[in-house]
Amino acid sequence: MCGIVGYIGEKEAAPILLEGLKKLEYRGYDSAGIATLAKNTVHVKKDKGKINDIGFEASLRALPGNIGIAHTRWATHGEVTKENAHPHSDCSGNIIVVHNGIIENYQAIKKTLNLHTITSDTDSELIAHLIEHEMDSGKDFIEASKSALKKLEGNYAVLILNRKENQIVASRDGSPLVIGVGKDEYFPASDIPAFLNHTKKVIYLSDGDFVIINKNLEFFNLEEDKKVEREIDNIEWDAEEAEKGDFDHYMLKEITEQTETIQKAIDQNEDEINYIAKQIKEGYGIFLVACGTAYHACLNAEYLFSKIAKKHINVVSGSEFPHFKHFLKENSLVIAISQSGETADVLEAVKAAKSMKSKVLSIINVKGSSLDRLSDITFYTKAGPEICVLSTKAYTAQVALLLLIAYAIAENLEEGKNNLKNLYNLTYNLTALSTREHIRKLAEKLKEKNHMFTIGRGIMYPTALEAALKLKEVSYIHTEGFAGGNLKHGPVALIEKGTPCIVFVSEDTEKEILSNAAEIRSRGGLIIGIAPKDNDLFDYFIRVPEASFANSITHIIPVQILAYQLALLRGCDPDKPRNLAKSVTVK
Ligand code: F6R
């Protein structure tokens, strides 16, 4: 994880880097730091904690110079301390590094650097010393950097500031890195929002790329061992899309944006959807692979494909995929679903699929991401930038697309579109202020609870799983999701007087799920019904419309809002839950 950003141009670097870091905080917020270069002197400020918490924002902003690099950290090697915060430097102070990724052979590298003074516990600091070590044997900075990077095992995106030459080297292998291109200025960064206020032109780097950034850009690829050309692309997002605007938090902004993302799903190119449907029909063995919330979208697809398209698919969690790899054949189709396109477990699965010569189709939100580059076919969810660490609008965009694909397989795409069209007004009402207030009152009742449960049947079962994930990751209240019918096989032992249980009701599962609700209520459980109509069993009722196969979209929205309200009432940061990062780029 971690976010890195650099600047080289004619403006003051520090404010630009600071602004970029704030946009990248979703990638990690254990510590932050900036190094700038002015009149041959390197200035560094770094500390642990979030940029705003540390109170060192002003000192970061005041760093002088028109060139610099910056980092926001999600700790892997070494505790969260000031010493382990980036940037890191070599012994001479001439080579300064920020790094995102993991160096797997860091112990072996460290042994070769026994003459160097290493001041942190990080693997990243070793990169600066390794370059210095290579220079000691007579290489110039560029050759030494190339040679050092080739020795790294694992994955990295690095920015290396060279004090002597006023230049930055940017290189990636397995971790994301793009370069924003302005007028006489460049912004290498982990992700586009870091520079979207300054330019809408971007260069997507490939694995092995090594870029010398100075007055212009010089591209080299370490794997191909030669100079390469890279094209400038236009960014379709607007800068405002990556801003909070009038909202207190990105989480609430992104929840309310779901009305538009559903509309964008409806507007997706029909030929492309039909093309994907064709690939699925022709595939011999279809595997959907994803992690976390995106995995729940895949579980939704399992039901949608079964019910709408009468098509069986296999859903595998990214990290478990290696255990099923041997089933793959040349005509198998692996569909990877990911918001970021950078999730390490999903990338590993895709590489495994490629090694078996299977076709890889990806459904992703971030254009130019690693998954985008690895896939044979890519389909964009077009949900716009999702900045909050929790996935909300990207999830419903994934589900909406999967629903359309299921209808397309059944050769009835129009019906799928109509199903989604009806949702437009419905989702608007679900995110309206009055609904939010109703849910806030529920949050007041739940805020002191230690455990909660969510249950659903059929397509509401993945919704129960996703609801439990949303609630626990942002409110830190332990919440588990179950299939309604499974509760009596063990989990019901945990129900005590007042234990909250959220029950997802849809028309087709009403009878059975209400029986399950009754079983919980008779043991003292507090029943929260998310349903099209009220019922005597409910202690608290949230009305949602009956939307048939799109119920997974309507029913999850109130829980996203509940999770947000609970976070606020419990003093948690909804955009940056503890221990989490948005792109999980480690296995
Ligand atoms: C939960 C959440 C995570 C991600 C998971 C996969 O709110 O955001 O569970 O869904 O880390 O991330 P992507 O979709 O980027 O592959």
# chains A, B, ... in the order shown; residues from 1 in each chain; ligands from 1
>>> residues_around(residues="Leu37 of chain A", least_positions_apart="6", cutoff="12 Å", atoms="only C-alpha atoms", output="VMD selection string")
chain A and resid 6 to 9 12 to 14 43 to 44 63 to 70 93 to 96 161 to 168
>>> write_last_selection(atoms="C-alpha atoms", output="tab-separated table (two decimals), in the first residue's frame")
chain	number	residue	atom	x	y	z
A	6	GLY	CA	6.66	13.78	-6.62
A	7	TYR	CA	6.89	17.18	-8.27
A	8	ILE	CA	9.38	18.78	-10.59
A	9	GLY	CA	8.63	22.12	-12.26
A	12	GLU	CA	6.91	25.60	-5.03
A	13	ALA	CA	6.94	21.82	-4.65
A	14	ALA	CA	5.90	21.41	-1.00
A	43	HIS	CA	15.04	19.44	3.28
A	44	VAL	CA	13.13	16.63	4.95
A	63	LEU	CA	9.80	23.32	2.78
A	64	PRO	CA	11.61	25.25	0.01
A	65	GLY	CA	12.36	24.22	-3.58
A	66	ASN	CA	10.74	23.35	-6.92
A	67	ILE	CA	11.46	19.65	-6.76
A	68	GLY	CA	10.50	17.05	-4.21
A	69	ILE	CA	9.07	13.69	-3.29
A	70	ALA	CA	6.53	12.67	-0.64
A	93	GLY	CA	22.27	12.27	1.96
A	94	ASN	CA	22.48	12.54	-1.83
A	95	ILE	CA	19.94	9.83	-2.64
A	96	ILE	CA	16.47	10.14	-1.15
A	161	LEU	CA	15.53	12.15	-5.66
A	162	ASN	CA	19.07	12.79	-6.84
A	163	ARG	CA	20.47	15.80	-4.96
A	164	LYS	CA	23.45	16.30	-7.23
A	165	GLU	CA	21.58	16.33	-10.55
A	166	ASN	CA	18.24	17.95	-9.60
A	167	GLN	CA	16.35	15.01	-10.99
A	168	ILE	CA	13.84	12.38	-9.93
>>> residues_near_ligand(ligand="ligand 1", cutoff="10 Å", atoms="only C-alpha atoms and all ligand atoms", output="PyMOL selection string")
chain A and resi 289-297+318+336-347+363-366+371+386+388-392+394-395+398+466-467+469-474+560+577+580-585
>>> write_last_selection(atoms="N, CA and C atoms", output="compact mmCIF listing (two decimals), in the first residue's frame")
# COMPACT_ATOMS: atom_id res chain seq x y z
N VAL A 289 -13.07 -13.88 -9.71
CA VAL A 289 -12.07 -13.76 -8.66
C VAL A 289 -12.04 -12.32 -8.15
N ALA A 290 -12.04 -12.17 -6.83
CA ALA A 290 -11.99 -10.81 -6.25
C ALA A 290 -11.74 -10.93 -4.76
N CYS A 291 -11.58 -9.79 -4.11
CA CYS A 291 -11.37 -9.77 -2.66
C CYS A 291 -12.36 -8.81 -2.00
N GLY A 292 -12.64 -9.06 -0.74
CA GLY A 292 -13.43 -8.14 0.09
C GLY A 292 -14.79 -7.84 -0.51
N THR A 293 -15.08 -6.56 -0.61
CA THR A 293 -16.38 -6.14 -1.13
C THR A 293 -16.58 -6.59 -2.57
N ALA A 294 -15.53 -6.53 -3.37
CA ALA A 294 -15.66 -6.96 -4.77
C ALA A 294 -15.98 -8.46 -4.82
N TYR A 295 -15.48 -9.21 -3.84
CA TYR A 295 -15.80 -10.64 -3.76
C TYR A 295 -17.30 -10.80 -3.50
N HIS A 296 -17.86 -9.92 -2.67
CA HIS A 296 -19.31 -9.98 -2.43
C HIS A 296 -20.09 -9.67 -3.70
N ALA A 297 -19.54 -8.78 -4.52
CA ALA A 297 -20.19 -8.50 -5.82
C ALA A 297 -20.20 -9.79 -6.66
N GLY A 318 -9.69 -14.09 -4.07
CA GLY A 318 -8.38 -13.93 -4.71
C GLY A 318 -7.27 -14.76 -4.08
N ALA A 336 -11.80 -11.11 -13.33
CA ALA A 336 -11.29 -10.48 -12.11
C ALA A 336 -12.04 -9.18 -11.87
N ILE A 337 -12.52 -9.01 -10.64
CA ILE A 337 -13.28 -7.79 -10.33
C ILE A 337 -12.57 -7.02 -9.23
N SER A 338 -12.33 -5.74 -9.49
CA SER A 338 -11.57 -4.96 -8.52
C SER A 338 -11.83 -3.47 -8.75
N GLN A 339 -12.03 -2.74 -7.68
CA GLN A 339 -12.16 -1.29 -7.80
C GLN A 339 -10.83 -0.71 -8.26
N SER A 340 -9.78 -1.01 -7.45
CA SER A 340 -8.48 -0.38 -7.67
C SER A 340 -7.70 -0.97 -8.84
N GLY A 341 -7.93 -2.26 -9.10
CA GLY A 341 -7.11 -2.96 -10.10
C GLY A 341 -5.70 -3.21 -9.60
N GLU A 342 -5.48 -3.05 -8.29
CA GLU A 342 -4.13 -3.21 -7.74
C GLU A 342 -4.07 -4.27 -6.64
N THR A 343 -5.17 -4.94 -6.34
CA THR A 343 -5.19 -5.89 -5.23
C THR A 343 -4.26 -7.07 -5.53
N ALA A 344 -3.25 -7.25 -4.68
CA ALA A 344 -2.19 -8.21 -4.95
C ALA A 344 -2.74 -9.63 -5.15
N ASP A 345 -3.69 -10.03 -4.29
CA ASP A 345 -4.21 -11.40 -4.40
C ASP A 345 -4.93 -11.62 -5.73
N VAL A 346 -5.58 -10.59 -6.22
CA VAL A 346 -6.29 -10.72 -7.50
C VAL A 346 -5.26 -10.76 -8.64
N LEU A 347 -4.24 -9.93 -8.52
CA LEU A 347 -3.20 -9.91 -9.56
C LEU A 347 -2.49 -11.27 -9.64
N ILE A 363 -13.11 -6.48 -14.65
CA ILE A 363 -14.08 -5.41 -14.42
C ILE A 363 -13.48 -4.53 -13.34
N ILE A 364 -13.02 -3.35 -13.74
CA ILE A 364 -12.26 -2.51 -12.80
C ILE A 364 -12.75 -1.06 -12.87
N ASN A 365 -12.36 -0.31 -11.85
CA ASN A 365 -12.77 1.10 -11.83
C ASN A 365 -11.61 2.03 -12.23
N VAL A 366 -10.39 1.61 -11.91
CA VAL A 366 -9.25 2.52 -12.15
C VAL A 366 -8.53 2.14 -13.45
N LEU A 371 -4.12 -4.37 -13.09
CA LEU A 371 -5.04 -5.38 -13.61
C LEU A 371 -5.47 -5.04 -15.03
N GLU A 386 -13.14 6.64 -6.29
CA GLU A 386 -13.66 6.26 -4.96
C GLU A 386 -12.51 6.47 -3.99
N CYS A 388 -12.90 7.23 -0.35
CA CYS A 388 -13.09 6.61 0.97
C CYS A 388 -12.53 5.19 0.92
N VAL A 389 -11.89 4.79 2.01
CA VAL A 389 -11.28 3.44 2.02
C VAL A 389 -12.35 2.37 1.84
N LEU A 390 -13.54 2.60 2.37
CA LEU A 390 -14.62 1.62 2.20
C LEU A 390 -15.21 1.72 0.80
N SER A 391 -15.47 0.58 0.22
CA SER A 391 -16.06 0.59 -1.11
C SER A 391 -17.59 0.66 -0.98
N THR A 392 -18.18 1.65 -1.63
CA THR A 392 -19.65 1.76 -1.64
C THR A 392 -20.15 1.86 -3.09
N ALA A 394 -18.49 1.87 -5.84
CA ALA A 394 -17.85 0.93 -6.78
C ALA A 394 -18.53 -0.43 -6.69
N TYR A 395 -18.95 -0.79 -5.46
CA TYR A 395 -19.62 -2.08 -5.25
C TYR A 395 -20.94 -2.12 -6.02
N GLN A 398 -20.42 -2.39 -9.63
CA GLN A 398 -20.06 -3.75 -10.04
C GLN A 398 -21.30 -4.64 -10.13
N GLU A 466 -21.98 -8.44 2.82
CA GLU A 466 -21.42 -7.11 2.53
C GLU A 466 -21.81 -6.12 3.63
N ALA A 467 -23.04 -6.24 4.13
CA ALA A 467 -23.51 -5.35 5.20
C ALA A 467 -22.63 -5.54 6.44
N LEU A 469 -19.60 -6.60 6.60
CA LEU A 469 -18.26 -6.05 6.35
C LEU A 469 -18.26 -4.52 6.52
N LYS A 470 -19.26 -3.87 5.92
CA LYS A 470 -19.33 -2.39 6.01
C LYS A 470 -19.42 -1.96 7.47
N LEU A 471 -20.30 -2.64 8.22
CA LEU A 471 -20.53 -2.22 9.61
C LEU A 471 -19.28 -2.41 10.45
N LYS A 472 -18.64 -3.56 10.32
CA LYS A 472 -17.50 -3.83 11.22
C LYS A 472 -16.28 -2.99 10.85
N GLU A 473 -16.04 -2.79 9.56
CA GLU A 473 -14.77 -2.14 9.20
C GLU A 473 -14.74 -0.65 9.53
N VAL A 474 -15.91 -0.04 9.66
CA VAL A 474 -15.87 1.40 9.92
C VAL A 474 -16.35 1.77 11.33
N GLN A 560 -25.02 0.99 4.36
CA GLN A 560 -23.85 1.87 4.16
C GLN A 560 -24.03 3.14 5.00
N PRO A 577 -10.62 4.11 8.17
CA PRO A 577 -10.69 3.19 9.32
C PRO A 577 -9.30 2.68 9.71
N LEU A 580 -6.56 -0.11 7.93
CA LEU A 580 -6.95 -0.43 6.55
C LEU A 580 -6.28 0.50 5.54
N ALA A 581 -6.23 0.04 4.32
CA ALA A 581 -5.81 0.91 3.20
C ALA A 581 -6.66 0.52 2.01
N LYS A 582 -6.83 1.44 1.10
CA LYS A 582 -7.75 1.17 0.00
C LYS A 582 -7.22 0.13 -0.98
N SER A 583 -5.96 0.28 -1.37
CA SER A 583 -5.42 -0.71 -2.29
C SER A 583 -4.56 -1.66 -1.48
N VAL A 584 -4.94 -2.92 -1.48
CA VAL A 584 -4.18 -3.90 -0.69
C VAL A 584 -3.17 -4.56 -1.62
N THR A 585 -2.00 -3.94 -1.70
CA THR A 585 -1.02 -4.38 -2.69
C THR A 585 -0.02 -5.38 -2.10
>>> select_by_dssp(residues="segment 225-457 of chain A", states="strand (DSSP E or B)", output="MDAnalysis selection string")
chainID A and resid 226:227 233:234 286:290 314:317 333:338 359:364 377:380 451:456
>>> residues_around(residues="Leu333 of chain A", least_positions_apart="5", cutoff="9 Å", atoms="only C-alpha atoms", output="VMD selection string")
chain A and resid 279 to 280 282 to 288 328 353 358 to 361
>>> residues_around(residues="segment 476-493 of chain A", least_positions_apart="6", cutoff="6 Å", atoms="only C-alpha atoms", output="PyMOL selection string")
chain A and resi 450-457+461+464-465+468+513+516
>>> write_last_selection(atoms="all heavy atoms", output="compact mmCIF listing (two decimals), in the first residue's frame")
# COMPACT_ATOMS: atom_id res chain seq x y z
N ASN A 450 -21.77 -4.48 21.19
CA ASN A 450 -20.47 -5.10 20.90
C ASN A 450 -20.54 -6.09 19.74
O ASN A 450 -19.53 -6.38 19.11
CB ASN A 450 -19.95 -5.84 22.12
CG ASN A 450 -19.63 -4.88 23.23
OD1 ASN A 450 -19.10 -3.80 22.96
ND2 ASN A 450 -19.98 -5.23 24.46
N HIS A 451 -21.74 -6.65 19.54
CA HIS A 451 -21.89 -7.66 18.47
C HIS A 451 -23.18 -7.41 17.71
O HIS A 451 -24.17 -7.02 18.31
CB HIS A 451 -21.98 -9.08 19.05
CG HIS A 451 -20.79 -9.45 19.85
ND1 HIS A 451 -19.61 -9.85 19.28
CD2 HIS A 451 -20.60 -9.45 21.18
CE1 HIS A 451 -18.74 -10.08 20.24
NE2 HIS A 451 -19.30 -9.85 21.40
N MET A 452 -23.16 -7.68 16.43
CA MET A 452 -24.39 -7.58 15.64
C MET A 452 -24.37 -8.70 14.59
O MET A 452 -23.31 -9.25 14.27
CB MET A 452 -24.47 -6.24 14.91
CG MET A 452 -24.43 -5.03 15.85
SD MET A 452 -25.00 -3.51 15.08
CE MET A 452 -23.67 -3.16 13.95
N PHE A 453 -25.56 -9.00 14.06
CA PHE A 453 -25.66 -10.02 13.01
C PHE A 453 -26.47 -9.48 11.84
O PHE A 453 -27.29 -8.57 12.02
CB PHE A 453 -26.31 -11.29 13.57
CG PHE A 453 -25.46 -11.94 14.62
CD1 PHE A 453 -25.64 -11.64 15.96
CD2 PHE A 453 -24.41 -12.76 14.26
CE1 PHE A 453 -24.81 -12.19 16.93
CE2 PHE A 453 -23.57 -13.30 15.22
CZ PHE A 453 -23.76 -13.02 16.55
N THR A 454 -26.22 -10.04 10.69
CA THR A 454 -27.03 -9.70 9.52
C THR A 454 -27.41 -11.01 8.84
O THR A 454 -26.57 -11.93 8.76
CB THR A 454 -26.23 -8.84 8.51
OG1 THR A 454 -25.08 -9.59 8.10
CG2 THR A 454 -25.77 -7.53 9.12
N ILE A 455 -28.65 -11.12 8.40
CA ILE A 455 -29.04 -12.35 7.70
C ILE A 455 -29.83 -12.04 6.43
O ILE A 455 -30.52 -11.03 6.33
CB ILE A 455 -29.86 -13.32 8.59
CG1 ILE A 455 -31.13 -12.65 9.14
CG2 ILE A 455 -29.02 -13.90 9.71
CD1 ILE A 455 -32.11 -13.65 9.77
N GLY A 456 -29.68 -12.95 5.46
CA GLY A 456 -30.44 -12.84 4.22
C GLY A 456 -30.46 -14.20 3.54
O GLY A 456 -29.66 -15.08 3.87
N ARG A 457 -31.38 -14.35 2.62
CA ARG A 457 -31.46 -15.60 1.86
C ARG A 457 -31.39 -15.27 0.37
O ARG A 457 -31.76 -14.17 -0.04
CB ARG A 457 -32.79 -16.31 2.14
CG ARG A 457 -32.80 -17.06 3.44
CD ARG A 457 -34.19 -17.60 3.72
NE ARG A 457 -34.16 -18.50 4.86
CZ ARG A 457 -34.19 -19.83 4.79
NH1 ARG A 457 -34.28 -20.43 3.61
NH2 ARG A 457 -34.15 -20.56 5.88
N TYR A 461 -28.35 -12.94 0.63
CA TYR A 461 -27.27 -13.50 1.45
C TYR A 461 -25.94 -12.75 1.22
O TYR A 461 -25.31 -12.27 2.17
CB TYR A 461 -27.16 -15.01 1.20
CG TYR A 461 -25.94 -15.66 1.78
CD1 TYR A 461 -25.51 -15.35 3.08
CD2 TYR A 461 -25.21 -16.61 1.06
CE1 TYR A 461 -24.37 -15.95 3.61
CE2 TYR A 461 -24.09 -17.21 1.58
CZ TYR A 461 -23.66 -16.87 2.85
OH TYR A 461 -22.53 -17.45 3.38
N ALA A 464 -26.12 -9.62 3.01
CA ALA A 464 -25.88 -9.74 4.46
C ALA A 464 -24.37 -9.76 4.74
O ALA A 464 -23.90 -9.13 5.69
CB ALA A 464 -26.53 -11.01 4.99
N LEU A 465 -23.62 -10.44 3.87
CA LEU A 465 -22.15 -10.49 4.06
C LEU A 465 -21.53 -9.11 3.87
O LEU A 465 -20.68 -8.67 4.65
CB LEU A 465 -21.52 -11.48 3.08
CG LEU A 465 -21.93 -12.95 3.23
CD1 LEU A 465 -21.24 -13.80 2.17
CD2 LEU A 465 -21.59 -13.47 4.63
N ALA A 468 -22.36 -6.80 6.78
CA ALA A 468 -21.55 -7.07 7.98
C ALA A 468 -20.15 -6.48 7.81
O ALA A 468 -19.58 -5.90 8.75
CB ALA A 468 -21.47 -8.58 8.22
N ILE A 513 -37.28 -15.98 5.50
CA ILE A 513 -36.37 -15.12 6.28
C ILE A 513 -37.11 -14.56 7.50
O ILE A 513 -36.51 -14.39 8.57
CB ILE A 513 -35.75 -13.99 5.41
CG1 ILE A 513 -34.50 -13.41 6.09
CG2 ILE A 513 -36.70 -12.87 5.10
CD1 ILE A 513 -33.31 -14.28 6.09
N ASN A 516 -36.85 -17.04 10.17
CA ASN A 516 -35.54 -16.95 10.82
C ASN A 516 -35.50 -15.76 11.79
O ASN A 516 -34.94 -15.87 12.88
CB ASN A 516 -34.42 -16.80 9.78
CG ASN A 516 -34.35 -17.98 8.83
OD1 ASN A 516 -34.16 -17.82 7.63
ND2 ASN A 516 -34.53 -19.18 9.36
>>> atom_distance(atom1="atom CA of Ile553 of chain A", atom2="atom CA of Arg440 of chain A")
20.1 Å
>>> residues_around(residues="segment 258-261 of chain A", least_positions_apart="5", cutoff="10 Å", atoms="only C-alpha atoms", output="PyMOL selection string")
chain A and resi 253+266-267+381-384+392-398+400+423-431+553+557
>>> write_last_selection(atoms="N, CA, C and O atoms", output="short mmCIF file (atom, residue, chain, number, x, y, z; two decimals), in the first residue's frame")
data_model
loop_
_atom_site.label_atom_id
_atom_site.label_comp_id
_atom_site.auth_asym_id
_atom_site.auth_seq_id
_atom_site.Cartn_x
_atom_site.Cartn_y
_atom_site.Cartn_z
N LYS A 253 -20.39 11.22 0.58
CA LYS A 253 -20.48 11.72 -0.80
C LYS A 253 -20.63 10.52 -1.77
O LYS A 253 -21.49 10.52 -2.64
N ILE A 266 -26.36 1.96 -16.66
CA ILE A 266 -27.40 1.86 -17.70
C ILE A 266 -26.86 2.35 -19.04
O ILE A 266 -27.17 1.80 -20.09
N ASP A 267 -26.01 3.39 -18.97
CA ASP A 267 -25.49 3.99 -20.20
C ASP A 267 -24.29 3.24 -20.79
O ASP A 267 -23.74 3.66 -21.80
N THR A 381 -16.00 0.09 -14.72
CA THR A 381 -17.27 0.31 -14.02
C THR A 381 -17.71 1.78 -14.09
O THR A 381 -18.86 2.09 -13.86
N LYS A 382 -16.77 2.66 -14.37
CA LYS A 382 -17.06 4.09 -14.55
C LYS A 382 -17.77 4.71 -13.35
O LYS A 382 -18.67 5.55 -13.51
N ALA A 383 -17.39 4.28 -12.15
CA ALA A 383 -18.01 4.84 -10.94
C ALA A 383 -17.33 6.14 -10.53
O ALA A 383 -17.76 6.77 -9.56
N GLY A 384 -16.27 6.55 -11.22
CA GLY A 384 -15.53 7.76 -10.83
C GLY A 384 -14.62 7.43 -9.66
O GLY A 384 -14.66 6.32 -9.12
N THR A 392 -18.18 1.65 -1.63
CA THR A 392 -19.65 1.76 -1.64
C THR A 392 -20.15 1.86 -3.09
O THR A 392 -20.71 0.92 -3.62
N LYS A 393 -19.85 3.01 -3.73
CA LYS A 393 -20.40 3.18 -5.09
C LYS A 393 -19.74 2.22 -6.09
O LYS A 393 -20.37 1.81 -7.06
N ALA A 394 -18.49 1.87 -5.84
CA ALA A 394 -17.85 0.93 -6.78
C ALA A 394 -18.53 -0.43 -6.69
O ALA A 394 -18.69 -1.14 -7.69
N TYR A 395 -18.95 -0.79 -5.46
CA TYR A 395 -19.62 -2.08 -5.25
C TYR A 395 -20.94 -2.12 -6.02
O TYR A 395 -21.20 -3.06 -6.78
N THR A 396 -21.79 -1.10 -5.82
CA THR A 396 -23.09 -1.15 -6.50
C THR A 396 -22.91 -1.02 -8.01
O THR A 396 -23.69 -1.57 -8.78
N ALA A 397 -21.86 -0.33 -8.45
CA ALA A 397 -21.59 -0.25 -9.89
C ALA A 397 -21.22 -1.64 -10.42
O ALA A 397 -21.65 -2.06 -11.50
N GLN A 398 -20.42 -2.39 -9.63
CA GLN A 398 -20.06 -3.75 -10.04
C GLN A 398 -21.30 -4.64 -10.13
O GLN A 398 -21.50 -5.37 -11.11
N ALA A 400 -24.41 -3.72 -10.51
CA ALA A 400 -25.27 -3.28 -11.61
C ALA A 400 -24.77 -3.86 -12.95
O ALA A 400 -25.54 -4.36 -13.76
N LEU A 423 -34.55 1.97 -10.71
CA LEU A 423 -33.82 2.22 -9.47
C LEU A 423 -33.48 3.68 -9.26
O LEU A 423 -33.21 4.09 -8.14
N TYR A 424 -33.45 4.45 -10.35
CA TYR A 424 -32.90 5.80 -10.26
C TYR A 424 -33.57 6.61 -9.14
O TYR A 424 -32.92 7.06 -8.20
N ASN A 425 -34.89 6.71 -9.19
CA ASN A 425 -35.61 7.49 -8.16
C ASN A 425 -35.54 6.82 -6.80
O ASN A 425 -35.44 7.47 -5.77
N LEU A 426 -35.57 5.48 -6.87
CA LEU A 426 -35.59 4.74 -5.60
C LEU A 426 -34.31 4.97 -4.81
O LEU A 426 -34.35 5.23 -3.60
N THR A 427 -33.17 4.94 -5.48
CA THR A 427 -31.91 5.12 -4.74
C THR A 427 -31.78 6.56 -4.28
O THR A 427 -31.21 6.83 -3.23
N TYR A 428 -32.36 7.48 -5.07
CA TYR A 428 -32.32 8.88 -4.66
C TYR A 428 -33.02 9.04 -3.30
O TYR A 428 -32.49 9.65 -2.37
N ASN A 429 -34.21 8.41 -3.18
CA ASN A 429 -34.94 8.49 -1.91
C ASN A 429 -34.17 7.82 -0.78
O ASN A 429 -34.20 8.27 0.36
N LEU A 430 -33.46 6.75 -1.11
CA LEU A 430 -32.75 6.00 -0.06
C LEU A 430 -31.60 6.80 0.54
O LEU A 430 -31.17 6.53 1.65
N THR A 431 -31.07 7.75 -0.23
CA THR A 431 -29.95 8.53 0.30
C THR A 431 -30.40 9.92 0.75
O THR A 431 -29.58 10.73 1.16
N ILE A 553 -28.79 -3.90 -4.65
CA ILE A 553 -28.36 -2.50 -4.69
C ILE A 553 -29.19 -1.69 -3.69
O ILE A 553 -28.64 -0.96 -2.86
N ILE A 557 -27.82 0.01 0.56
CA ILE A 557 -27.61 1.45 0.79
C ILE A 557 -27.94 1.90 2.23
O ILE A 557 -27.13 2.59 2.86
#
>>> residues_around(residues="Asn422 of chain A", least_positions_apart="4", cutoff="12 Å", atoms="only C-alpha atoms", output="MDAnalysis selection string")
chainID A and resid 259 262:263 266 415:418 426:428 545:551 553:554
>>> select_by_dssp(residues="segment 280-425 of chain A", states="alpha helix (DSSP H)", output="ChimeraX atom specification")
/A:280-282,292-309,344-355,370-374,393-409,413-421,423-425
>>> closest_residue(among="A:Asp90, A:Glu125, A:Glu414, A:Glu185", to="Ile103 of chain A", atoms="only C-alpha atoms")
A:Glu125
>>> closest_residue(among="A:Asp173, A:Asp136, A:Asp30, A:Glu104", to="Glu153 of chain A", atoms="only C-alpha atoms")
A:Glu104
>>> residues_around(residues="segment 408-411 of chain A", least_positions_apart="4", cutoff="10 Å", atoms="only C-alpha atoms", output="number ranges by chain")
A: 270-271, 273-281, 305, 307-311, 402-404, 415-417
>>> closest_residue(among="A:Glu240, A:His312, A:Ser362, A:Met356", to="Ser332 of chain A", atoms="only C-alpha atoms")
A:Met356
>>> closest_residue(among="A:Gly138, A:Gly208, A:Pro385, A:Pro558", to="Thr463 of chain A", atoms="only C-alpha atoms")
A:Pro558
>>> closest_residue(among="A:Ala242, A:Leu126, A:Leu18, A:Ala194", to="Lys111 of chain A", atoms="only C-alpha atoms")
A:Leu126
